Amino acid sequence: MKKTILRAALCFSLVAAVSATAVSCSSDDETTENVSSIDPANFKGRIASGTTVSLDATKVYNLTGTLSVESGATLIIPAGTRIVASEGATYLIVERGGKLIANGTATNPIVFEGSTHKQGHWGGVVVLGNAPSNRSSLGTSTSELGDLVYGGTNKADNSGILKYIVIKDSGYKYNPAKEFNGLSLFGVGSGTVVSYIYVADGADDGIEFFGGNVNADHIVVLGVGDDSIDWTEGWQGTAEYIYASRKKQYQTAAEPGNRGVEADTQDTDENTVFGNGVSNPTINNATFIGNSAGSESQGMKIRAGSNGKFDNIVIANFSTGLDFETPRTYNWFTSASYIKNVRFVGVTTPWKSKAVAPATTGPNLSGVFTTSTTATGAGNVTALPDWAKGWTGLTSFDTTDAMN
């Protein structure tokens, strides 16, 4: 998904412990009412500016529509909380200036899941921040649906804490061209904590970064219908310890999964200088596992002018390991050693590049990366690393679970 979010316009009918001053119950925010309780059976609505809502981990919250955290509001989700989403365009969105404090633990992660376990059952988790997008000279952009502004100039913006979170069954599709990701980060700043996130069995991307400067670590993405990790709009954060794989159960599905990484600068202007300018994240200690199904069996697709720095990367079972496109991307990777210690396991074609007219073949990029037979990727080569066990509900995973 590149730009797909709906506007929350529903009022709270939320019964659990709450620390709140007011929840907006009008479409124009002219009136408010004091709230002292929430109904977990009908969890949706808008948390108004100036309000803090705290959930109760002993209760299960049934997300029945859109839950929006407005600018100046805070939603606190304690460790061990379980949120079950109804089918359809149900999702949690933190608007620009709002905060989500979802601070799970290794023994008590926070779980978002569908009421039925299938890809695309519900929307997902969306966070909008004040860090730059490269879509405008102001560093801002607007979501296609709902006219929600995100982005700005504050690279260190803080949208809260997302730690030890499990997101299952996400990626609801509005139409063939628009669907949610598991976790969408729009213009999110480096003051936000994104750590120990597990996205499983979603219909679109696992995690997508739309600009911003947020950092992320200890990420697990398994069995999504599109790309495991996706970025665009000038994202310039660091992501490390990533374990991502297709699943064999979807190998013959219409959407068997696509790339381990899809890297863009911007879909309409790869040479933009707005906001952060070019996408240029740092990716360290990552394992990407695929299979040969579908037309996008690529470990890392780096294109649309994206730059990046990569070290200690394992790419397994994809038809193509590294796939490059566009002159700005070529120029970056031929200028210095930015892809180091790559280990290919069962990859048919280690690298390829796309021709730029009038040339009929792409440039020779065989020398832009170094290989290593001792690279460990996320920690255990292709096997599930120890840091990913337990809180994800997983005890093991390997290439046989992705199939080929």
# chains A, B, ... in the order shown; residues from 1 in each chain; ligands from 1

call {"tool": "select_by_dssp", "arguments": {"residues": "segment 61-112 of chain A", "states": "strand (DSSP E or B)", "output": "VMD selection string"}}
result
chain A and resid 61 to 69 74 to 78 82 to 85 91 to 94 99 to 103 110 to 112

call {"tool": "closest_atom_pairs", "arguments": {"of": "segment 287-339 of chain A", "to": "segment 208-223 of chain A", "cutoff": "10 Å", "atoms": "only C-alpha atoms", "output": "CSV"}}
result
residue,atom,partner,partner_atom,distance
A:Thr287,CA,A:Val220,CA,9.7
A:Phe288,CA,A:Val221,CA,9.4
A:Ile289,CA,A:Leu222,CA,9.4
A:Gly290,CA,A:Gly223,CA,9.8

call {"tool": "write_last_selection", "arguments": {"atoms": "N, CA and C atoms", "output": "mmCIF file, in the first residue's frame"}}
result
data_model
loop_
_atom_site.group_PDB
_atom_site.id
_atom_site.type_symbol
_atom_site.label_atom_id
_atom_site.label_comp_id
_atom_site.auth_asym_id
_atom_site.auth_seq_id
_atom_site.Cartn_x
_atom_site.Cartn_y
_atom_site.Cartn_z
ATOM 1 N N THR A 287 17.466 -11.025 7.757
ATOM 2 C CA THR A 287 17.263 -12.251 6.991
ATOM 3 C C THR A 287 15.954 -12.142 6.231
ATOM 4 N N PHE A 288 16.018 -12.382 4.907
ATOM 5 C CA PHE A 288 14.834 -12.346 4.055
ATOM 6 C C PHE A 288 14.721 -13.689 3.338
ATOM 7 N N ILE A 289 13.606 -14.386 3.556
ATOM 8 C CA ILE A 289 13.408 -15.723 2.993
ATOM 9 C C ILE A 289 12.184 -15.703 2.085
ATOM 10 N N GLY A 290 12.330 -16.237 0.889
ATOM 11 C CA GLY A 290 11.216 -16.278 -0.045
ATOM 12 C C GLY A 290 10.980 -17.663 -0.593
#

call {"tool": "residues_around", "arguments": {"residues": "segment 56-61 of chain A", "least_positions_apart": "5", "cutoff": "7 Å", "atoms": "only C-alpha atoms", "output": "PyMOL selection string"}}
result
chain A and resi 16-17+40-41+43+78-84

call {"tool": "write_last_selection", "arguments": {"atoms": "N, CA and C atoms", "output": "mmCIF file, in the first residue's frame"}}
result
data_model
loop_
_atom_site.group_PDB
_atom_site.id
_atom_site.type_symbol
_atom_site.label_atom_id
_atom_site.label_comp_id
_atom_site.auth_asym_id
_atom_site.auth_seq_id
_atom_site.Cartn_x
_atom_site.Cartn_y
_atom_site.Cartn_z
ATOM 1 N N ALA A 16 -13.987 -0.012 30.659
ATOM 2 C CA ALA A 16 -12.744 -0.433 31.272
ATOM 3 C C ALA A 16 -12.162 0.761 31.977
ATOM 4 N N ALA A 17 -11.014 0.597 32.601
ATOM 5 C CA ALA A 17 -10.375 1.708 33.303
ATOM 6 C C ALA A 17 -9.947 2.762 32.309
ATOM 7 N N PRO A 40 -15.547 -2.491 26.075
ATOM 8 C CA PRO A 40 -14.636 -3.328 25.281
ATOM 9 C C PRO A 40 -15.345 -4.094 24.165
ATOM 10 N N ALA A 41 -16.659 -4.290 24.279
ATOM 11 C CA ALA A 41 -17.391 -5.040 23.260
ATOM 12 C C ALA A 41 -17.657 -4.212 22.005
ATOM 13 N N PHE A 43 -15.463 -1.293 20.669
ATOM 14 C CA PHE A 43 -14.296 -0.423 20.837
ATOM 15 C C PHE A 43 -14.027 0.311 19.537
ATOM 16 N N PRO A 78 -1.653 -1.246 27.809
ATOM 17 C CA PRO A 78 -0.673 -1.923 28.662
ATOM 18 C C PRO A 78 -0.287 -3.298 28.146
ATOM 19 N N ALA A 79 0.809 -3.807 28.658
ATOM 20 C CA ALA A 79 1.305 -5.131 28.287
ATOM 21 C C ALA A 79 0.227 -6.180 28.515
ATOM 22 N N GLY A 80 0.123 -7.103 27.562
ATOM 23 C CA GLY A 80 -0.817 -8.208 27.688
ATOM 24 C C GLY A 80 -2.199 -7.942 27.155
ATOM 25 N N THR A 81 -2.467 -6.733 26.673
ATOM 26 C CA THR A 81 -3.794 -6.408 26.148
ATOM 27 C C THR A 81 -4.030 -7.108 24.813
ATOM 28 N N ARG A 82 -5.250 -7.586 24.619
ATOM 29 C CA ARG A 82 -5.637 -8.245 23.374
ATOM 30 C C ARG A 82 -6.759 -7.466 22.719
ATOM 31 N N ILE A 83 -6.561 -7.101 21.453
ATOM 32 C CA ILE A 83 -7.550 -6.355 20.687
ATOM 33 C C ILE A 83 -7.956 -7.197 19.489
ATOM 34 N N VAL A 84 -9.239 -7.524 19.382
ATOM 35 C CA VAL A 84 -9.761 -8.392 18.333
ATOM 36 C C VAL A 84 -10.613 -7.550 17.389
#

call {"tool": "closest_residue", "arguments": {"among": "A:Gly72, A:Gly206, A:Gly123, A:Gly129", "to": "Ser170 of chain A", "atoms": "only C-alpha atoms"}}
result
A:Gly123

call {"tool": "closest_atom_pairs", "arguments": {"of": "segment 174-202 of chain A", "to": "segment 89-100 of chain A", "cutoff": "12 Å", "atoms": "only C-alpha atoms", "output": "Markdown table"}}
result
| residue | atom | partner | partner_atom | distance |
| --- | --- | --- | --- | --- |
| A:Tyr174 | CA | A:Ala89 | CA | 7.6 |
| A:Asn175 | CA | A:Ala89 | CA | 11.4 |
| A:Lys178 | CA | A:Ala89 | CA | 11.4 |
| A:Glu179 | CA | A:Ala89 | CA | 9.4 |
| A:Phe180 | CA | A:Ala89 | CA | 8.8 |
| A:Asn181 | CA | A:Tyr91 | CA | 10.5 |
| A:Gly182 | CA | A:Tyr91 | CA | 9.9 |
| A:Leu183 | CA | A:Leu92 | CA | 9.9 |
| A:Ser184 | CA | A:Ile93 | CA | 9.3 |
| A:Leu185 | CA | A:Val94 | CA | 9.8 |
| A:Phe186 | CA | A:Arg96 | CA | 9.0 |
| A:Gly187 | CA | A:Arg96 | CA | 8.7 |
| A:Val188 | CA | A:Arg96 | CA | 8.8 |
| A:Gly189 | CA | A:Arg96 | CA | 10.7 |
| A:Gly191 | CA | A:Lys99 | CA | 11.3 |
| A:Thr192 | CA | A:Lys99 | CA | 9.3 |
| A:Val193 | CA | A:Leu100 | CA | 10.2 |
| A:Val194 | CA | A:Leu100 | CA | 11.0 |

call {"tool": "residues_around", "arguments": {"residues": "Val224 of chain A", "least_positions_apart": "3", "cutoff": "6 Å", "atoms": "only C-alpha atoms", "output": "JSON list (two decimals) with N, CA and C atoms, in the first residue's frame"}}
result
[["chain", "number", "residue", "atom", "x", "y", "z"],
["A", 201, "ASP", "N", 0.63, -13.02, 8.57],
["A", 201, "ASP", "CA", -0.55, -13.39, 7.79],
["A", 201, "ASP", "C", -1.39, -12.17, 7.40],
["A", 202, "GLY", "N", -0.72, -11.13, 6.92],
["A", 202, "GLY", "CA", -1.40, -9.95, 6.42],
["A", 202, "GLY", "C", -1.54, -10.01, 4.90],
["A", 203, "ALA", "N", -2.45, -9.21, 4.35],
["A", 203, "ALA", "CA", -2.71, -9.28, 2.92],
["A", 203, "ALA", "C", -1.83, -8.34, 2.10],
["A", 257, "GLY", "N", 2.99, -13.58, -1.73],
["A", 257, "GLY", "CA", 4.04, -12.79, -1.10],
["A", 257, "GLY", "C", 4.97, -12.27, -2.18]]

call {"tool": "closest_residue", "arguments": {"among": "A:Ile165, A:Leu138, A:Ser292, A:Asn42", "to": "Thr392 of chain A", "atoms": "only C-alpha atoms"}}
result
A:Ile165

call {"tool": "residues_around", "arguments": {"residues": "segment 375-387 of chain A", "least_positions_apart": "6", "cutoff": "7 Å", "atoms": "only C-alpha atoms", "output": "PyMOL selection string"}}
result
chain A and resi 241-243+285-287+312-314+341-343+396-399

call {"tool": "write_last_selection", "arguments": {"atoms": "C-alpha atoms", "output": "PDB file, in the first residue's frame"}}
result
ATOM      1  CA  TYR A 241      17.451  -7.311  13.418  1.00  0.00           C
ATOM      2  CA  ILE A 242      14.793  -8.138  10.845  1.00  0.00           C
ATOM      3  CA  TYR A 243      13.552 -11.671  10.210  1.00  0.00           C
ATOM      4  CA  ASN A 285      21.392  -7.768  10.546  1.00  0.00           C
ATOM      5  CA  ALA A 286      18.494  -8.947   8.413  1.00  0.00           C
ATOM      6  CA  THR A 287      17.263 -12.251   6.991  1.00  0.00           C
ATOM      7  CA  ASN A 312      25.049  -8.525   7.363  1.00  0.00           C
ATOM      8  CA  ILE A 313      22.165  -9.575   5.126  1.00  0.00           C
ATOM      9  CA  VAL A 314      20.976 -13.134   4.414  1.00  0.00           C
ATOM     10  CA  ASN A 341      28.414  -9.059   3.896  1.00  0.00           C
ATOM     11  CA  VAL A 342      25.560 -10.552   1.901  1.00  0.00           C
ATOM     12  CA  ARG A 343      24.966 -14.284   2.105  1.00  0.00           C
ATOM     13  CA  SER A 396      11.025 -22.296  15.280  1.00  0.00           C
ATOM     14  CA  PHE A 397      10.892 -21.304  11.605  1.00  0.00           C
ATOM     15  CA  ASP A 398      13.212 -21.921   8.649  1.00  0.00           C
ATOM     16  CA  THR A 399      13.356 -22.188   4.877  1.00  0.00           C
TER      17      THR A 399
END

call {"tool": "closest_residue", "arguments": {"among": "A:Lys248, A:Lys309, A:His121, A:Lys168", "to": "Asn284 of chain A", "atoms": "only C-alpha atoms"}}
result
A:Lys309

call {"tool": "select_by_dssp", "arguments": {"residues": "segment 346-399 of chain A", "states": "helix (DSSP H, G or I)", "output": "list of chain:residue names"}}
result
A:Asp386, A:Trp387, A:Ala388, A:Thr399

call {"tool": "write_last_selection", "arguments": {"atoms": "all heavy atoms", "output": "mmCIF file, in the first residue's frame"}}
result
data_model
loop_
_atom_site.group_PDB
_atom_site.id
_atom_site.type_symbol
_atom_site.label_atom_id
_atom_site.label_comp_id
_atom_site.auth_asym_id
_atom_site.auth_seq_id
_atom_site.Cartn_x
_atom_site.Cartn_y
_atom_site.Cartn_z
ATOM 1 N N ASP A 386 16.961 -16.378 18.195
ATOM 2 C CA ASP A 386 16.501 -16.558 19.577
ATOM 3 C C ASP A 386 15.670 -15.379 20.066
ATOM 4 O O ASP A 386 14.705 -15.553 20.815
ATOM 5 C CB ASP A 386 17.706 -16.766 20.503
ATOM 6 C CG ASP A 386 18.371 -18.116 20.287
ATOM 7 O OD1 ASP A 386 17.738 -19.003 19.678
ATOM 8 O OD2 ASP A 386 19.529 -18.277 20.720
ATOM 9 N N TRP A 387 16.011 -14.155 19.652
ATOM 10 C CA TRP A 387 15.275 -12.981 20.131
ATOM 11 C C TRP A 387 13.831 -12.951 19.646
ATOM 12 O O TRP A 387 12.995 -12.230 20.209
ATOM 13 C CB TRP A 387 15.991 -11.683 19.742
ATOM 14 C CG TRP A 387 16.213 -11.476 18.273
ATOM 15 C CD1 TRP A 387 17.362 -11.682 17.580
ATOM 16 C CD2 TRP A 387 15.247 -11.009 17.313
ATOM 17 N NE1 TRP A 387 17.192 -11.385 16.247
ATOM 18 C CE2 TRP A 387 15.911 -10.962 16.060
ATOM 19 C CE3 TRP A 387 13.913 -10.613 17.384
ATOM 20 C CZ2 TRP A 387 15.262 -10.551 14.894
ATOM 21 C CZ3 TRP A 387 13.258 -10.210 16.223
ATOM 22 C CH2 TRP A 387 13.950 -10.180 15.008
ATOM 23 N N ALA A 388 13.520 -13.743 18.589
ATOM 24 C CA ALA A 388 12.166 -13.768 18.033
ATOM 25 C C ALA A 388 11.296 -14.859 18.637
ATOM 26 O O ALA A 388 10.115 -14.969 18.287
ATOM 27 C CB ALA A 388 12.223 -13.949 16.526
ATOM 28 N N THR A 399 13.673 -22.212 6.301
ATOM 29 C CA THR A 399 13.356 -22.188 4.877
ATOM 30 C C THR A 399 12.300 -23.225 4.485
ATOM 31 O O THR A 399 11.536 -23.004 3.541
ATOM 32 C CB THR A 399 14.622 -22.419 4.042
ATOM 33 O OG1 THR A 399 15.274 -23.595 4.506
ATOM 34 C CG2 THR A 399 15.572 -21.240 4.155
#

call {"tool": "atom_distance", "arguments": {"atom1": "atom CA of Trp391 of chain A", "atom2": "atom CA of Ile197 of chain A"}}
result
9.7 Å

call {"tool": "atom_distance", "arguments": {"atom1": "atom CA of Gly151 of chain A", "atom2": "atom CA of Gln236 of chain A"}}
result
13.3 Å

call {"tool": "closest_residue", "arguments": {"among": "A:Gly234, A:Pro176, A:Gly308, A:Pro281", "to": "Tyr330 of chain A", "atoms": "only C-alpha atoms"}}
result
A:Gly308

call {"tool": "residues_around", "arguments": {"residues": "segment 360-369 of chain A", "least_positions_apart": "3", "cutoff": "8 Å", "atoms": "only C-alpha atoms", "output": "PyMOL selection string"}}
result
chain A and resi 330+333-334+336-342+351-357

call {"tool": "closest_residue", "arguments": {"among": "A:Ile101, A:Glu255, A:Lys173, A:Gly237", "to": "Ala156 of chain A", "atoms": "only C-alpha atoms"}}
result
A:Gly237

call {"tool": "atom_distance", "arguments": {"atom1": "atom CA of Ser245 of chain A", "atom2": "atom CA of Glu262 of chain A"}}
result
13.8 Å

call {"tool": "residues_around", "arguments": {"residues": "segment 303-305 of chain A", "least_positions_apart": "6", "cutoff": "6 Å", "atoms": "only C-alpha atoms", "output": "tab-separated table (two decimals) with all heavy atoms, in the first residue's frame"}}
result
chain	number	residue	atom	x	y	z
A	263	ALA	N	12.12	-0.94	-1.98
A	263	ALA	CA	12.69	0.35	-1.60
A	263	ALA	C	12.46	1.38	-2.69
A	263	ALA	O	12.90	1.21	-3.82
A	263	ALA	CB	14.19	0.18	-1.35
A	264	ASP	N	11.78	2.47	-2.34
A	264	ASP	CA	11.52	3.57	-3.26
A	264	ASP	C	11.91	4.89	-2.60
A	264	ASP	O	11.95	4.99	-1.36
A	264	ASP	CB	10.03	3.66	-3.62
A	264	ASP	CG	9.51	2.42	-4.33
A	264	ASP	OD1	10.26	1.85	-5.14
A	264	ASP	OD2	8.37	2.03	-4.06
A	265	THR	N	12.15	5.89	-3.41
A	265	THR	CA	12.25	7.26	-2.89
A	265	THR	C	10.90	7.95	-3.00
A	265	THR	O	10.41	8.53	-2.05
A	265	THR	CB	13.34	8.05	-3.63
A	265	THR	OG1	14.60	7.73	-3.04
A	265	THR	CG2	13.14	9.55	-3.50
A	270	GLU	N	11.51	10.41	-8.43
A	270	GLU	CA	12.62	9.71	-7.76
A	270	GLU	C	13.77	10.64	-7.43
A	270	GLU	O	14.64	10.30	-6.61
A	270	GLU	CB	13.11	8.58	-8.65
A	270	GLU	CG	13.79	9.05	-9.92
A	270	GLU	CD	14.12	7.91	-10.86
A	270	GLU	OE1	13.21	7.14	-11.20
A	270	GLU	OE2	15.30	7.79	-11.23
A	324	PHE	N	18.07	-4.04	-8.87
A	324	PHE	CA	18.25	-2.59	-8.87
A	324	PHE	C	17.55	-1.95	-10.06
A	324	PHE	O	17.51	-2.53	-11.15
A	324	PHE	CB	19.74	-2.22	-8.94
A	324	PHE	CG	20.60	-2.81	-7.85
A	324	PHE	CD1	21.23	-4.03	-8.04
A	324	PHE	CD2	20.78	-2.14	-6.66
A	324	PHE	CE1	22.05	-4.58	-7.05
A	324	PHE	CE2	21.59	-2.67	-5.66
A	324	PHE	CZ	22.22	-3.89	-5.86
A	325	GLU	N	17.05	-0.72	-9.85
A	325	GLU	CA	16.49	0.07	-10.95
A	325	GLU	C	16.77	1.55	-10.71
A	325	GLU	O	16.92	1.98	-9.56
A	325	GLU	CB	14.96	-0.11	-11.04
A	325	GLU	CG	14.52	-1.44	-11.60
A	325	GLU	CD	13.00	-1.47	-11.83
A	325	GLU	OE1	12.39	-0.38	-11.87
A	325	GLU	OE2	12.45	-2.57	-11.94
A	326	THR	N	16.82	2.30	-11.79
A	326	THR	CA	16.86	3.77	-11.89
A	326	THR	C	18.26	4.36	-11.64
A	326	THR	O	19.00	3.90	-10.78
A	326	THR	CB	15.85	4.47	-10.96
A	326	THR	OG1	16.22	4.27	-9.60
A	326	THR	CG2	14.45	3.96	-11.21
A	328	ARG	N	19.48	7.15	-10.23
A	328	ARG	CA	19.91	7.66	-8.92
A	328	ARG	C	20.31	6.51	-7.99
A	328	ARG	O	21.25	6.63	-7.22
A	328	ARG	CB	18.76	8.47	-8.29
A	328	ARG	CG	19.17	9.31	-7.08
A	328	ARG	CD	18.00	10.15	-6.61
A	328	ARG	NE	18.39	11.10	-5.59
A	328	ARG	CZ	17.56	11.98	-5.04
A	328	ARG	NH1	16.29	12.03	-5.42
A	328	ARG	NH2	17.97	12.82	-4.11
A	329	THR	N	19.61	5.42	-8.08
A	329	THR	CA	19.97	4.23	-7.30
A	329	THR	C	21.30	3.66	-7.78
A	329	THR	O	22.18	3.34	-6.96
A	329	THR	CB	18.85	3.18	-7.40
A	329	THR	OG1	17.67	3.69	-6.79
A	329	THR	CG2	19.25	1.87	-6.73
